[in-house]
file coords.pdb (PDB, C-alpha atoms and all ligand atoms)
ATOM      1  CA  MET A 754    -104.527  11.141 -36.246
ATOM      2  CA  PRO A 755    -106.074  14.442 -37.456
ATOM      3  CA  ILE A 756    -104.281  16.036 -40.399
ATOM      4  CA  LEU A 757    -104.472  19.696 -41.400
ATOM      5  CA  TYR A 758    -104.417  20.270 -45.149
ATOM      6  CA  LEU A 759    -103.500  23.810 -46.200
ATOM      7  CA  GLY A 760    -104.042  24.897 -49.822
ATOM      8  CA  LEU A 761    -101.967  27.699 -51.323
ATOM      9  CA  GLY A 762    -102.864  27.496 -55.004
ATOM     10  CA  GLY A 763    -100.329  26.571 -57.711
ATOM     11  CA  THR A 764    -100.799  24.222 -60.652
ATOM     12  CA  ILE A 765    -102.535  21.600 -58.497
ATOM     13  CA  ALA A 766    -105.321  24.161 -58.045
ATOM     14  CA  CYS A 767    -105.371  25.350 -61.673
ATOM     15  CA  THR A 768    -108.103  24.892 -64.251
ATOM     16  CA  LEU A 769    -108.377  25.949 -67.866
ATOM     17  CA  GLY A 770    -110.195  29.218 -68.568
ATOM     18  CA  ASP A 771    -112.070  30.344 -71.696
ATOM     19  CA  ASP A 772    -108.893  32.092 -72.909
ATOM     20  CA  GLY A 773    -107.029  28.760 -73.016
ATOM     21  CA  LEU A 774    -104.798  29.672 -70.067
ATOM     22  CA  VAL A 775    -104.800  28.100 -66.614
ATOM     23  CA  ARG A 776    -105.263  29.893 -63.318
ATOM     24  CA  ALA A 777    -105.612  28.706 -59.726
ATOM     25  CA  THR A 778    -109.327  28.393 -59.027
ATOM     26  CA  ARG A 779    -109.703  25.341 -56.783
ATOM     27  CA  GLY A 780    -109.529  25.602 -53.026
ATOM     28  CA  ALA A 781    -108.268  22.961 -50.586
ATOM     29  CA  GLY A 782    -111.785  21.567 -49.973
ATOM     30  CA  THR A 783    -112.253  20.878 -53.709
ATOM     31  CA  LEU A 784    -108.838  19.218 -54.017
ATOM     32  CA  LEU A 785    -109.559  17.075 -50.980
ATOM     33  CA  ALA A 786    -112.992  16.081 -52.329
ATOM     34  CA  GLU A 787    -111.238  14.790 -55.441
ATOM     35  CA  VAL A 788    -109.377  12.225 -53.308
ATOM     36  CA  GLY A 789    -112.510  11.166 -51.414
ATOM     37  CA  SER A 790    -112.534  13.729 -48.553
ATOM     38  CA  PRO A 791    -110.769  11.465 -46.003
ATOM     39  CA  PRO A 792    -112.525  11.948 -42.638
ATOM     40  CA  ASP A 793    -109.272  12.534 -40.712
ATOM     41  CA  VAL A 794    -108.315  15.562 -42.843
ATOM     42  CA  THR A 795    -109.418  19.179 -42.359
ATOM     43  CA  ALA A 796    -108.982  21.423 -45.412
ATOM     44  CA  GLU A 797    -108.212  25.111 -45.145
ATOM     45  CA  ASP A 798    -107.237  27.747 -47.713
ATOM     46  CA  MET A 799    -104.258  30.013 -47.182
ATOM     47  CA  GLY A 800    -104.106  31.562 -50.633
ATOM     48  CA  LEU A 801    -104.872  30.820 -54.247
ATOM     49  CA  GLY A 802    -102.088  32.177 -56.377
ATOM     50  CA  ALA A 803     -98.830  31.404 -58.122
ATOM     51  CA  SER A 804     -96.012  30.412 -55.802
ATOM     52  CA  SER A 805     -93.779  33.015 -57.432
ATOM     53  CA  ASP A 806     -95.801  35.618 -55.506
ATOM     54  CA  LEU A 807     -95.005  34.209 -52.050
ATOM     55  CA  GLY A 808     -92.796  36.179 -49.673
ATOM     56  CA  PHE A 809     -91.172  35.530 -46.295
ATOM     57  CA  ASP A 810     -94.159  37.083 -44.495
ATOM     58  CA  ASP A 811     -96.415  34.418 -46.040
ATOM     59  CA  LEU A 812     -94.033  31.762 -44.727
ATOM     60  CA  LEU A 813     -94.090  33.233 -41.217
ATOM     61  CA  ALA A 814     -97.899  33.131 -41.381
ATOM     62  CA  LEU A 815     -97.691  29.495 -42.500
ATOM     63  CA  ALA A 816     -95.316  28.675 -39.636
ATOM     64  CA  ALA A 817     -97.654  30.358 -37.130
ATOM     65  CA  ARG A 818    -100.601  28.362 -38.540
ATOM     66  CA  LEU A 819     -98.665  25.095 -38.158
ATOM     67  CA  GLU A 820     -97.623  25.978 -34.606
ATOM     68  CA  ARG A 821    -101.260  26.498 -33.645
ATOM     69  CA  ALA A 822    -102.272  23.300 -35.447
ATOM     70  CA  PHE A 823     -99.721  21.119 -33.606
ATOM     71  CA  GLY A 824    -100.214  23.002 -30.314
ATOM     72  CA  GLN A 825    -103.679  23.843 -29.049
ATOM     73  CA  GLU A 826    -105.561  22.317 -32.013
ATOM     74  CA  GLY A 827    -104.053  18.836 -31.637
ATOM     75  CA  PHE A 828    -103.316  18.038 -35.305
ATOM     76  CA  THR A 829    -100.711  15.296 -35.710
ATOM     77  CA  GLY A 830     -99.513  16.102 -39.218
ATOM     78  CA  SER A 831     -99.907  18.635 -41.974
ATOM     79  CA  VAL A 832     -99.961  18.709 -45.769
ATOM     80  CA  ILE A 833     -99.432  21.915 -47.710
ATOM     81  CA  THR A 834    -100.034  22.095 -51.460
ATOM     82  CA  GLN A 835     -98.659  24.993 -53.442
ATOM     83  CA  GLY A 836     -97.053  25.914 -56.737
ATOM     84  CA  THR A 837     -93.993  23.845 -57.467
ATOM     85  CA  ASP A 838     -91.873  26.803 -58.591
ATOM     86  CA  THR A 839     -90.869  27.773 -55.057
ATOM     87  CA  ILE A 840     -91.503  24.517 -53.170
ATOM     88  CA  GLU A 841     -87.838  24.080 -52.309
ATOM     89  CA  GLU A 842     -87.589  27.591 -50.848
ATOM     90  CA  VAL A 843     -90.822  27.290 -48.856
ATOM     91  CA  ALA A 844     -89.892  23.838 -47.573
ATOM     92  CA  TYR A 845     -86.376  24.907 -46.585
ATOM     93  CA  THR A 846     -87.525  28.079 -44.799
ATOM     94  CA  LEU A 847     -90.108  26.158 -42.746
ATOM     95  CA  HIS A 848     -87.472  23.469 -42.123
ATOM     96  CA  LEU A 849     -85.073  25.967 -40.529
ATOM     97  CA  LEU A 850     -87.645  28.061 -38.648
ATOM     98  CA  ARG A 851     -88.859  25.435 -36.158
ATOM     99  CA  ARG A 852     -88.196  21.899 -34.980
ATOM    100  CA  TRP A 853     -91.640  20.544 -36.002
ATOM    101  CA  PRO A 854     -93.039  17.866 -33.665
ATOM    102  CA  CYS A 855     -95.218  16.298 -36.410
ATOM    103  CA  PRO A 856     -94.753  15.646 -40.141
ATOM    104  CA  VAL A 857     -94.957  18.715 -42.383
ATOM    105  CA  VAL A 858     -95.330  17.601 -45.999
ATOM    106  CA  ILE A 859     -95.415  19.850 -49.061
ATOM    107  CA  SER A 860     -96.682  18.782 -52.451
ATOM    108  CA  GLY A 861     -98.186  20.108 -55.672
ATOM    109  CA  ALA A 862     -98.587  19.140 -59.291
ATOM    110  CA  MET A 863     -96.804  19.689 -62.570
ATOM    111  CA  ARG A 864     -99.916  18.989 -64.677
ATOM    112  CA  HIS A 865    -103.067  20.982 -64.041
ATOM    113  CA  ALA A 866    -106.479  19.421 -63.520
ATOM    114  CA  ASP A 867    -107.538  19.706 -67.176
ATOM    115  CA  LEU A 868    -104.507  17.850 -68.560
ATOM    116  CA  PRO A 869    -104.430  14.103 -69.207
ATOM    117  CA  GLY A 870    -102.118  12.404 -66.733
ATOM    118  CA  ARG A 871    -102.643  15.108 -64.088
ATOM    119  CA  ASP A 872    -100.511  14.287 -61.079
ATOM    120  CA  GLY A 873    -102.236  16.368 -58.388
ATOM    121  CA  PRO A 874    -104.577  13.769 -56.836
ATOM    122  CA  ALA A 875    -101.869  11.058 -56.642
ATOM    123  CA  ASN A 876     -99.414  13.512 -55.093
ATOM    124  CA  LEU A 877    -101.997  14.676 -52.552
ATOM    125  CA  LEU A 878    -102.824  11.091 -51.547
ATOM    126  CA  ASP A 879     -99.106  10.290 -51.159
ATOM    127  CA  ALA A 880     -98.511  13.454 -49.143
ATOM    128  CA  LEU A 881    -101.413  12.571 -46.823
ATOM    129  CA  ALA A 882     -99.981   9.063 -46.330
ATOM    130  CA  VAL A 883     -96.631  10.583 -45.317
ATOM    131  CA  ALA A 884     -98.294  13.115 -42.992
ATOM    132  CA  ARG A 885    -100.090  10.246 -41.220
ATOM    133  CA  SER A 886     -96.890   8.229 -40.799
ATOM    134  CA  PRO A 887     -95.123   8.432 -37.417
ATOM    135  CA  GLU A 888     -91.959   7.472 -39.360
ATOM    136  CA  ALA A 889     -92.091  10.841 -41.092
ATOM    137  CA  ALA A 890     -91.833  12.840 -37.847
ATOM    138  CA  GLN A 891     -88.415  14.228 -36.886
ATOM    139  CA  LEU A 892     -87.315  14.340 -40.530
ATOM    140  CA  GLY A 893     -87.918  18.056 -40.832
ATOM    141  CA  VAL A 894     -90.049  19.394 -43.653
ATOM    142  CA  LEU A 895     -90.606  16.974 -46.536
ATOM    143  CA  VAL A 896     -91.480  17.371 -50.209
ATOM    144  CA  VAL A 897     -93.544  14.502 -51.622
ATOM    145  CA  MET A 898     -93.990  14.361 -55.404
ATOM    146  CA  GLY A 899     -94.047  11.521 -57.916
ATOM    147  CA  GLY A 900     -94.001   8.855 -55.191
ATOM    148  CA  GLU A 901     -90.720  10.140 -53.716
ATOM    149  CA  ILE A 902     -90.099  11.672 -50.293
ATOM    150  CA  HIS A 903     -87.420  14.379 -50.341
ATOM    151  CA  GLY A 904     -85.829  16.255 -47.460
ATOM    152  CA  ALA A 905     -86.087  20.060 -47.538
ATOM    153  CA  ALA A 906     -82.317  20.569 -47.313
ATOM    154  CA  ALA A 907     -81.542  18.553 -50.425
ATOM    155  CA  VAL A 908     -84.545  18.849 -52.724
ATOM    156  CA  THR A 909     -84.546  20.939 -55.875
ATOM    157  CA  LYS A 910     -86.817  21.455 -58.882
ATOM    158  CA  SER A 911     -84.698  20.208 -61.743
ATOM    159  CA  HIS A 912     -86.919  20.252 -64.839
ATOM    160  CA  ALA A 913     -89.243  22.964 -66.125
ATOM    161  CA  GLN A 914     -92.083  20.617 -67.129
ATOM    162  CA  SER A 915     -91.529  16.998 -66.167
ATOM    163  CA  PRO A 916     -93.689  15.500 -63.373
ATOM    164  CA  ALA A 917     -90.442  13.859 -62.193
ATOM    165  CA  THR A 918     -88.879  17.273 -61.645
ATOM    166  CA  PHE A 919     -87.990  17.000 -57.943
ATOM    167  CA  ARG A 920     -84.582  15.551 -57.157
ATOM    168  CA  SER A 921     -82.126  15.509 -54.281
ATOM    169  CA  PRO A 922     -78.855  15.667 -56.240
ATOM    170  CA  ASP A 923     -76.422  14.789 -53.467
ATOM    171  CA  TRP A 924     -77.980  11.762 -51.780
ATOM    172  CA  GLY A 925     -81.292  11.046 -53.465
ATOM    173  CA  PRO A 926     -84.722  10.925 -51.829
ATOM    174  CA  LEU A 927     -85.203  10.001 -48.153
ATOM    175  CA  GLY A 928     -87.826   7.441 -49.060
ATOM    176  CA  LEU A 929     -90.749   6.359 -51.185
ATOM    177  CA  VAL A 930     -94.493   5.983 -51.078
ATOM    178  CA  ALA A 931     -95.454   2.638 -52.589
ATOM    179  CA  GLU A 932     -99.108   1.533 -52.590
ATOM    180  CA  ARG A 933     -99.684   4.245 -49.949
ATOM    181  CA  GLN A 934     -97.045   2.631 -47.711
ATOM    182  CA  VAL A 935     -94.371   5.014 -46.475
ATOM    183  CA  LEU A 936     -90.839   3.650 -46.754
ATOM    184  CA  ILE A 937     -88.063   5.736 -45.195
ATOM    185  CA  ALA A 938     -84.553   4.693 -46.229
ATOM    186  CA  ARG A 939     -82.441   7.540 -44.870
ATOM    187  CA  ARG A 940     -82.720   9.953 -41.925
ATOM    188  CA  PRO A 941     -80.783  13.198 -42.391
ATOM    189  CA  PRO A 942     -79.166  14.951 -39.403
ATOM    190  CA  PRO A 943     -81.361  17.541 -37.635
ATOM    191  CA  PRO A 944     -81.102  20.930 -39.333
ATOM    192  CA  LEU A 945     -79.575  24.052 -37.935
ATOM    193  CA  LEU A 946     -82.386  25.938 -36.238
ATOM    194  CA  LEU A 947     -82.836  29.630 -37.180
ATOM    195  CA  PRO A 948     -86.057  30.485 -35.309
ATOM    196  CA  ALA A 949     -86.739  33.971 -36.653
ATOM    197  CA  THR A 950     -90.097  35.479 -35.741
ATOM    198  CA  ARG A 951     -89.563  38.426 -38.109
ATOM    199  CA  ILE A 952     -87.713  38.102 -41.398
ATOM    200  CA  ASP A 953     -86.524  41.591 -42.175
ATOM    201  CA  ALA A 954     -82.972  41.067 -43.471
ATOM    202  CA  ARG A 955     -82.452  41.436 -47.228
ATOM    203  CA  VAL A 956     -79.934  39.060 -48.769
ATOM    204  CA  ASN A 957     -79.270  39.086 -52.504
ATOM    205  CA  LEU A 958     -78.188  36.158 -54.655
ATOM    206  CA  LEU A 959     -76.012  36.598 -57.734
ATOM    207  CA  ARG A 960     -74.650  33.965 -60.089
ATOM    208  CA  ILE A 961     -71.096  34.691 -61.208
ATOM    209  CA  VAL A 962     -70.562  34.023 -64.906
ATOM    210  CA  LEU A 963     -67.752  34.417 -67.391
ATOM    211  CA  ASP A 964     -66.836  38.122 -67.459
ATOM    212  CA  THR A 965     -69.405  39.222 -64.835
ATOM    213  CA  ASP A 966     -69.902  42.990 -64.805
ATOM    214  CA  PRO A 967     -68.483  44.317 -61.472
ATOM    215  CA  ALA A 968     -71.245  46.959 -61.491
ATOM    216  CA  LEU A 969     -73.760  44.170 -61.000
ATOM    217  CA  VAL A 970     -71.856  42.971 -57.917
ATOM    218  CA  GLU A 971     -71.699  46.526 -56.574
ATOM    219  CA  ALA A 972     -75.465  46.900 -56.993
ATOM    220  CA  ALA A 973     -76.116  43.534 -55.345
ATOM    221  CA  LEU A 974     -73.995  44.563 -52.339
ATOM    222  CA  LYS A 975     -76.614  47.178 -51.403
ATOM    223  CA  ALA A 976     -78.358  44.814 -48.960
ATOM    224  CA  ASP A 977     -77.764  43.187 -45.569
ATOM    225  CA  GLY A 978     -75.969  40.309 -47.234
ATOM    226  CA  LEU A 979     -74.898  38.917 -50.595
ATOM    227  CA  VAL A 980     -74.571  35.302 -51.675
ATOM    228  CA  LEU A 981     -72.481  34.675 -54.770
ATOM    229  CA  GLU A 982     -72.739  31.454 -56.720
ATOM    230  CA  GLY A 983     -69.136  31.096 -57.814
ATOM    231  CA  MET A 984     -67.643  28.928 -60.498
ATOM    232  CA  GLY A 985     -66.732  25.284 -59.859
ATOM    233  CA  GLY A 986     -65.758  24.713 -56.239
ATOM    234  CA  GLY A 987     -66.704  28.335 -55.381
ATOM    235  CA  HIS A 988     -64.297  30.525 -57.349
ATOM    236  CA  LEU A 989     -64.594  34.173 -58.397
ATOM    237  CA  PRO A 990     -62.822  36.172 -61.080
ATOM    238  CA  ALA A 991     -59.740  37.762 -59.440
ATOM    239  CA  ARG A 992     -60.897  41.303 -60.199
ATOM    240  CA  LEU A 993     -63.970  40.930 -57.975
ATOM    241  CA  ALA A 994     -61.897  39.977 -54.907
ATOM    242  CA  PRO A 995     -60.701  43.488 -53.842
ATOM    243  CA  LEU A 996     -64.195  44.890 -54.401
ATOM    244  CA  LEU A 997     -65.703  42.298 -52.096
ATOM    245  CA  GLU A 998     -62.923  42.659 -49.508
ATOM    246  CA  GLU A 999     -63.651  46.384 -49.331
ATOM    247  CA  ALA A1000     -67.406  45.709 -48.899
ATOM    248  CA  VAL A1001     -66.729  43.232 -46.068
ATOM    249  CA  ALA A1002     -64.418  45.787 -44.400
ATOM    250  CA  GLN A1003     -67.356  48.247 -44.548
ATOM    251  CA  GLY A1004     -69.624  45.731 -42.757
ATOM    252  CA  SER A1005     -71.255  43.747 -45.603
ATOM    253  CA  VAL A1006     -71.830  40.025 -45.198
ATOM    254  CA  VAL A1007     -70.661  38.162 -48.310
ATOM    255  CA  ALA A1008     -70.772  34.398 -48.825
ATOM    256  CA  VAL A1009     -69.554  32.340 -51.777
ATOM    257  CA  THR A1010     -70.895  28.943 -52.739
ATOM    258  CA  SER A1011     -70.686  26.798 -55.868
ATOM    259  CA  ARG A1012     -72.971  27.403 -58.839
ATOM    260  CA  THR A1013     -72.797  23.698 -59.752
ATOM    261  CA  GLY A1014     -75.835  22.851 -57.595
ATOM    262  CA  SER A1015     -74.424  19.938 -55.637
ATOM    263  CA  GLY A1016     -71.478  19.004 -53.478
ATOM    264  CA  PRO A1017     -69.703  21.115 -50.847
ATOM    265  CA  SER A1018     -67.503  24.049 -51.888
ATOM    266  CA  LEU A1019     -63.731  23.715 -51.757
ATOM    267  CA  ARG A1020     -61.865  24.891 -48.650
ATOM    268  CA  ARG A1021     -58.154  24.332 -49.162
ATOM    269  CA  THR A1022     -57.128  23.459 -52.711
ATOM    270  CA  TYR A1023     -56.408  26.440 -54.968
ATOM    271  CA  GLY A1024     -54.070  29.344 -54.279
ATOM    272  CA  ALA A1025     -55.217  31.815 -56.980
ATOM    273  CA  VAL A1026     -56.669  35.241 -56.245
ATOM    274  CA  GLY A1027     -60.450  34.707 -56.107
ATOM    275  CA  ALA A1028     -60.087  31.071 -55.021
ATOM    276  CA  GLU A1029     -61.220  29.733 -51.648
ATOM    277  CA  SER A1030     -58.304  30.510 -49.318
ATOM    278  CA  ASP A1031     -57.843  33.957 -50.855
ATOM    279  CA  LEU A1032     -61.532  34.717 -50.337
ATOM    280  CA  ARG A1033     -61.468  33.484 -46.751
ATOM    281  CA  GLY A1034     -58.471  35.742 -46.092
ATOM    282  CA  ARG A1035     -60.550  38.684 -47.287
ATOM    283  CA  GLY A1036     -63.330  37.956 -44.770
ATOM    284  CA  ILE A1037     -65.690  36.314 -47.254
ATOM    285  CA  LEU A1038     -67.700  33.374 -45.880
ATOM    286  CA  LEU A1039     -67.261  30.008 -47.608
ATOM    287  CA  ALA A1040     -70.700  28.477 -48.018
ATOM    288  CA  ASP A1041     -72.028  25.073 -49.049
ATOM    289  CA  GLY A1042     -75.129  24.047 -50.977
ATOM    290  CA  PRO A1043     -77.141  25.802 -53.702
ATOM    291  CA  GLY A1044     -77.176  29.613 -53.517
ATOM    292  CA  LEU A1045     -80.973  29.546 -53.205
ATOM    293  CA  LYS A1046     -80.646  27.805 -49.867
ATOM    294  CA  VAL A1047     -77.553  29.654 -48.616
ATOM    295  CA  ARG A1048     -79.531  32.852 -49.201
ATOM    296  CA  ILE A1049     -82.387  31.566 -47.037
ATOM    297  CA  ARG A1050     -79.998  30.558 -44.226
ATOM    298  CA  LEU A1051     -78.307  33.957 -44.216
ATOM    299  CA  THR A1052     -81.635  35.811 -44.460
ATOM    300  CA  LEU A1053     -82.939  34.038 -41.361
ATOM    301  CA  ALA A1054     -79.608  34.345 -39.516
ATOM    302  CA  LEU A1055     -79.357  38.084 -40.213
ATOM    303  CA  SER A1056     -82.946  38.529 -38.998
ATOM    304  CA  LEU A1057     -82.063  37.034 -35.594
ATOM    305  CA  THR A1058     -80.809  38.921 -32.536
ATOM    306  CA  PRO A1059     -78.214  38.022 -31.406
ATOM    307  CA  ARG A1060     -76.726  36.918 -34.721
ATOM    308  CA  PRO A1061     -75.637  33.292 -34.838
ATOM    309  CA  ASP A1062     -72.116  32.386 -36.010
ATOM    310  CA  LEU A1063     -72.400  33.288 -39.706
ATOM    311  CA  ALA A1064     -69.485  31.080 -40.824
ATOM    312  CA  ALA A1065     -71.296  28.081 -39.329
ATOM    313  CA  VAL A1066     -74.592  29.169 -40.919
ATOM    314  CA  ALA A1067     -72.946  29.500 -44.356
ATOM    315  CA  ALA A1068     -71.495  26.011 -44.093
ATOM    316  CA  ALA A1069     -74.565  24.241 -42.607
ATOM    317  CA  TRP A1070     -75.885  22.687 -45.791
ATOM    318  CA  LEU A1071     -76.989  19.234 -44.562
TER     319      LEU A1071
HETATM  320  N1  LIG B   1     -96.609  28.487 -61.685
HETATM  321  C1  LIG B   1     -96.918  27.409 -60.771
HETATM  322  C2  LIG B   1     -96.541  27.864 -59.377
HETATM  323  O1  LIG B   1     -97.360  28.480 -58.758
HETATM  324  C3  LIG B   1     -96.189  26.200 -61.190
HETATM  325  C4  LIG B   1     -96.554  24.941 -60.468
HETATM  326  O2  LIG B   1     -97.358  24.887 -59.548
HETATM  327  O3  LIG B   1     -96.032  23.892 -60.883
HETATM  328  O4  LIG B   1     -95.474  27.645 -58.899
END
call {"tool": "encode", "arguments": {"input": "coords.pdb", "output": "structure tokens"}}
result
Amino acid sequence: MPILYLGLGGTIACTLGDDGLVRATRGAGTLLAEVGSPPDVTAEDMGLGASSDLGFDDLLALAARLERAFGQEGFTGSVITQGTDTIEEVAYTLHLLRRWPCPVVISGAMRHADLPGRDGPANLLDALAVARSPEAAQLGVLVVMGGEIHGAAAVTKSHAQSPATFRSPDWGPLGLVAERQVLIARRPPPPLLLPATRIDARVNLLRIVLDTDPALVEAALKADGLVLEGMGGGHLPARLAPLLEEAVAQGSVVAVTSRTGSGPSLRRTYGAVGAESDLRGRGILLADGPGLKVRIRLTLALSLTPRPDLAAVAAAWL
């Protein structure tokens, strides 16, 4: 059961420098040596930076590397470690790009190697256990941190510093790793597939707040698409509605989801201007799930030719 371990930097790879600040210095081989260099695992570096510097092109390169690994190279699972700041975006993009035949598991650390209670080695061992488990195949891309196994569609980083930062707010984790045993409790439905080979669409994300400046919305509309995180069930201030209707009439793609971070948006409850049925009537897409993930779905969808049904893409949050 050969496993490919890809290192991308992040806190798990960080050590303390003379200036008292941490930077990523440790490659995949070093991190693997720390957990005993298991003979079934091949380590490879794909970067050594902060995850805030990743872009869609890096994720396409990662997807191509995984395709080769599971194809001609015969690997049966993969672990990726990276910075935790963008784990949910990386995991979700890879999740939608391909139907992976083998487990793809992403992990990292919240405490760097020079801190007491560092969580990197335990997370890496857990991630390797999941990547070796046939039970973990056909679950899409997984995030394993703190002994929990989360699905890419649901997982989110919820705390700026806690090692228990990763949560799946709607349904909880898919499973656990206990004494290196993989326990899967829930199997989510297969994701919508958006198999882009180039990601060239630009989709902006804007959170709508009390008294949002319409100029900000106008600026954000200068892209291929715009996702708005609306209030509550997905509501916008009434004065933004005509502005957005005009943009949609000119060919913009605009989707509205809820800024609350969990639960589906409303579809047929409120009748006010700026509420769901009014927005739908103006050609605005009603979307479900966190804006971060709606943006990724629309970015991939708008990069595909022919374009998939965008209303279905906006709503495909499971
Ligand atoms: N700044 C780090 C990153 O690259 C944080 C982390 O790994 O937890 O995302």
call {"tool": "resolve_selection", "arguments": {"input": "coords.pdb", "expression": "the PyMOL selection byres (((chain A and resi 1026) around 10) and not hetatm)", "output": "ChimeraX atom specification"}}
result
/A:988-995,1023-1025,1027-1032
call {"tool": "closest_atom_pairs", "arguments": {"input": "coords.pdb", "of": "stretch 993-1022 of chain A", "to": "stretch 1039-1052 of chain A", "cutoff": "9 Å", "atoms": "all atoms listed in the file", "output": "Markdown table"}}
result
| residue | atom | partner | partner_atom | distance |
| --- | --- | --- | --- | --- |
| A:Val1006 | CA | A:Leu1051 | CA | 8.9 |
| A:Val1007 | CA | A:Leu1039 | CA | 8.9 |
| A:Ala1008 | CA | A:Leu1039 | CA | 5.8 |
| A:Val1009 | CA | A:Leu1039 | CA | 5.3 |
| A:Thr1010 | CA | A:Ala1040 | CA | 4.7 |
| A:Ser1011 | CA | A:Pro1043 | CA | 6.9 |
| A:Arg1012 | CA | A:Pro1043 | CA | 6.8 |
| A:Thr1013 | CA | A:Pro1043 | CA | 7.7 |
| A:Gly1014 | CA | A:Pro1043 | CA | 5.1 |
| A:Ser1015 | CA | A:Gly1042 | CA | 6.3 |
| A:Gly1016 | CA | A:Gly1042 | CA | 6.7 |
| A:Pro1017 | CA | A:Asp1041 | CA | 4.9 |
| A:Ser1018 | CA | A:Asp1041 | CA | 5.4 |
| A:Leu1019 | CA | A:Leu1039 | CA | 8.3 |
| A:Arg1020 | CA | A:Leu1039 | CA | 7.5 |
call {"tool": "residues_near_ligand", "arguments": {"input": "coords.pdb", "ligand": "ligand LIG 1 (chain B)", "cutoff": "9 Å", "atoms": "only C-alpha atoms and all ligand atoms", "output": "ChimeraX atom specification"}}
result
/A:761-767,776-777,802-806,834-840,861-865,913-914
call {"tool": "residues_near_point", "arguments": {"input": "coords.pdb", "point": "(-83.8, 33.0, -35.2)", "cutoff": "6 Å", "atoms": "all atoms listed in the file", "output": "PyMOL selection string"}}
result
chain A and resi 947-949+1057
call {"tool": "resolve_selection", "arguments": {"input": "coords.pdb", "expression": "the PyMOL selection byres (((chain A and resi 829) around 6) and not hetatm)", "output": "NGL selection string"}}
result
:A and (754-756 or 828 or 830 or 855)
call {"tool": "closest_residue", "arguments": {"input": "coords.pdb", "among": "A:Val883, A:Ala917, A:Leu979, A:Val775", "to": "A:Ile833", "atoms": "only C-alpha atoms"}}
result
A:Val883
call {"tool": "closest_residue", "arguments": {"input": "coords.pdb", "among": "A:Gly770, A:Pro922, A:Gly978, A:Gly1034", "to": "A:Ala866", "atoms": "all atoms listed in the file"}}
result
A:Gly770
call {"tool": "closest_residue", "arguments": {"input": "coords.pdb", "among": "A:Leu815, A:Leu1055, A:Val858, A:Ala875", "to": "A:Val897", "atoms": "all atoms listed in the file"}}
result
A:Val858
call {"tool": "axis_aligned_box", "arguments": {"input": "coords.pdb", "around": "stretch 838-847 of chain A", "padding_each_side": "5 Å", "output": "JSON"}}
result
{"center_x": -89.1, "center_y": 26.0, "center_z": -50.7, "size_x": 15.5, "size_y": 14.2, "size_z": 25.8}
call {"tool": "decode", "arguments": {"input": "coords.pdb", "residues": "stretch 882-893 of chain A", "atoms": "N, CA and C atoms", "output": "PDB file, in the first residue's frame"}}
result
ATOM      1  N   ALA A 882      -2.432   7.079   8.655  1.00  0.00           N
ATOM      2  CA  ALA A 882      -3.343   5.947   8.952  1.00  0.00           C
ATOM      3  C   ALA A 882      -4.595   6.032   8.078  1.00  0.00           C
ATOM      4  N   VAL A 883      -5.117   7.237   7.898  1.00  0.00           N
ATOM      5  CA  VAL A 883      -6.325   7.409   7.074  1.00  0.00           C
ATOM      6  C   VAL A 883      -5.994   7.117   5.605  1.00  0.00           C
ATOM      7  N   ALA A 884      -4.831   7.595   5.150  1.00  0.00           N
ATOM      8  CA  ALA A 884      -4.457   7.374   3.743  1.00  0.00           C
ATOM      9  C   ALA A 884      -4.265   5.897   3.441  1.00  0.00           C
ATOM     10  N   ARG A 885      -3.907   5.104   4.453  1.00  0.00           N
ATOM     11  CA  ARG A 885      -3.717   3.660   4.245  1.00  0.00           C
ATOM     12  C   ARG A 885      -5.041   2.896   4.309  1.00  0.00           C
ATOM     13  N   SER A 886      -6.096   3.556   4.783  1.00  0.00           N
ATOM     14  CA  SER A 886      -7.342   2.836   5.057  1.00  0.00           C
ATOM     15  C   SER A 886      -8.238   2.751   3.818  1.00  0.00           C
ATOM     16  N   PRO A 887      -8.588   1.545   3.382  1.00  0.00           N
ATOM     17  CA  PRO A 887      -9.494   1.424   2.233  1.00  0.00           C
ATOM     18  C   PRO A 887     -10.844   2.087   2.525  1.00  0.00           C
ATOM     19  N   GLU A 888     -11.213   2.160   3.801  1.00  0.00           N
ATOM     20  CA  GLU A 888     -12.466   2.814   4.217  1.00  0.00           C
ATOM     21  C   GLU A 888     -12.515   4.282   3.848  1.00  0.00           C
ATOM     22  N   ALA A 889     -11.307   4.877   3.703  1.00  0.00           N
ATOM     23  CA  ALA A 889     -11.243   6.319   3.448  1.00  0.00           C
ATOM     24  C   ALA A 889     -11.333   6.655   1.963  1.00  0.00           C
ATOM     25  N   ALA A 890     -11.332   5.619   1.102  1.00  0.00           N
ATOM     26  CA  ALA A 890     -11.485   5.880  -0.340  1.00  0.00           C
ATOM     27  C   ALA A 890     -12.946   6.226  -0.599  1.00  0.00           C
ATOM     28  N   GLN A 891     -13.200   6.904  -1.679  1.00  0.00           N
ATOM     29  CA  GLN A 891     -14.556   7.297  -2.097  1.00  0.00           C
ATOM     30  C   GLN A 891     -15.228   8.241  -1.103  1.00  0.00           C
ATOM     31  N   LEU A 892     -14.455   8.908  -0.275  1.00  0.00           N
ATOM     32  CA  LEU A 892     -15.031   9.925   0.617  1.00  0.00           C
ATOM     33  C   LEU A 892     -14.671  11.323   0.131  1.00  0.00           C
ATOM     34  N   GLY A 893     -13.982  11.383  -1.008  1.00  0.00           N
ATOM     35  CA  GLY A 893     -13.487  12.675  -1.462  1.00  0.00           C
ATOM     36  C   GLY A 893     -12.280  13.070  -0.632  1.00  0.00           C
TER      37      GLY A 893
END
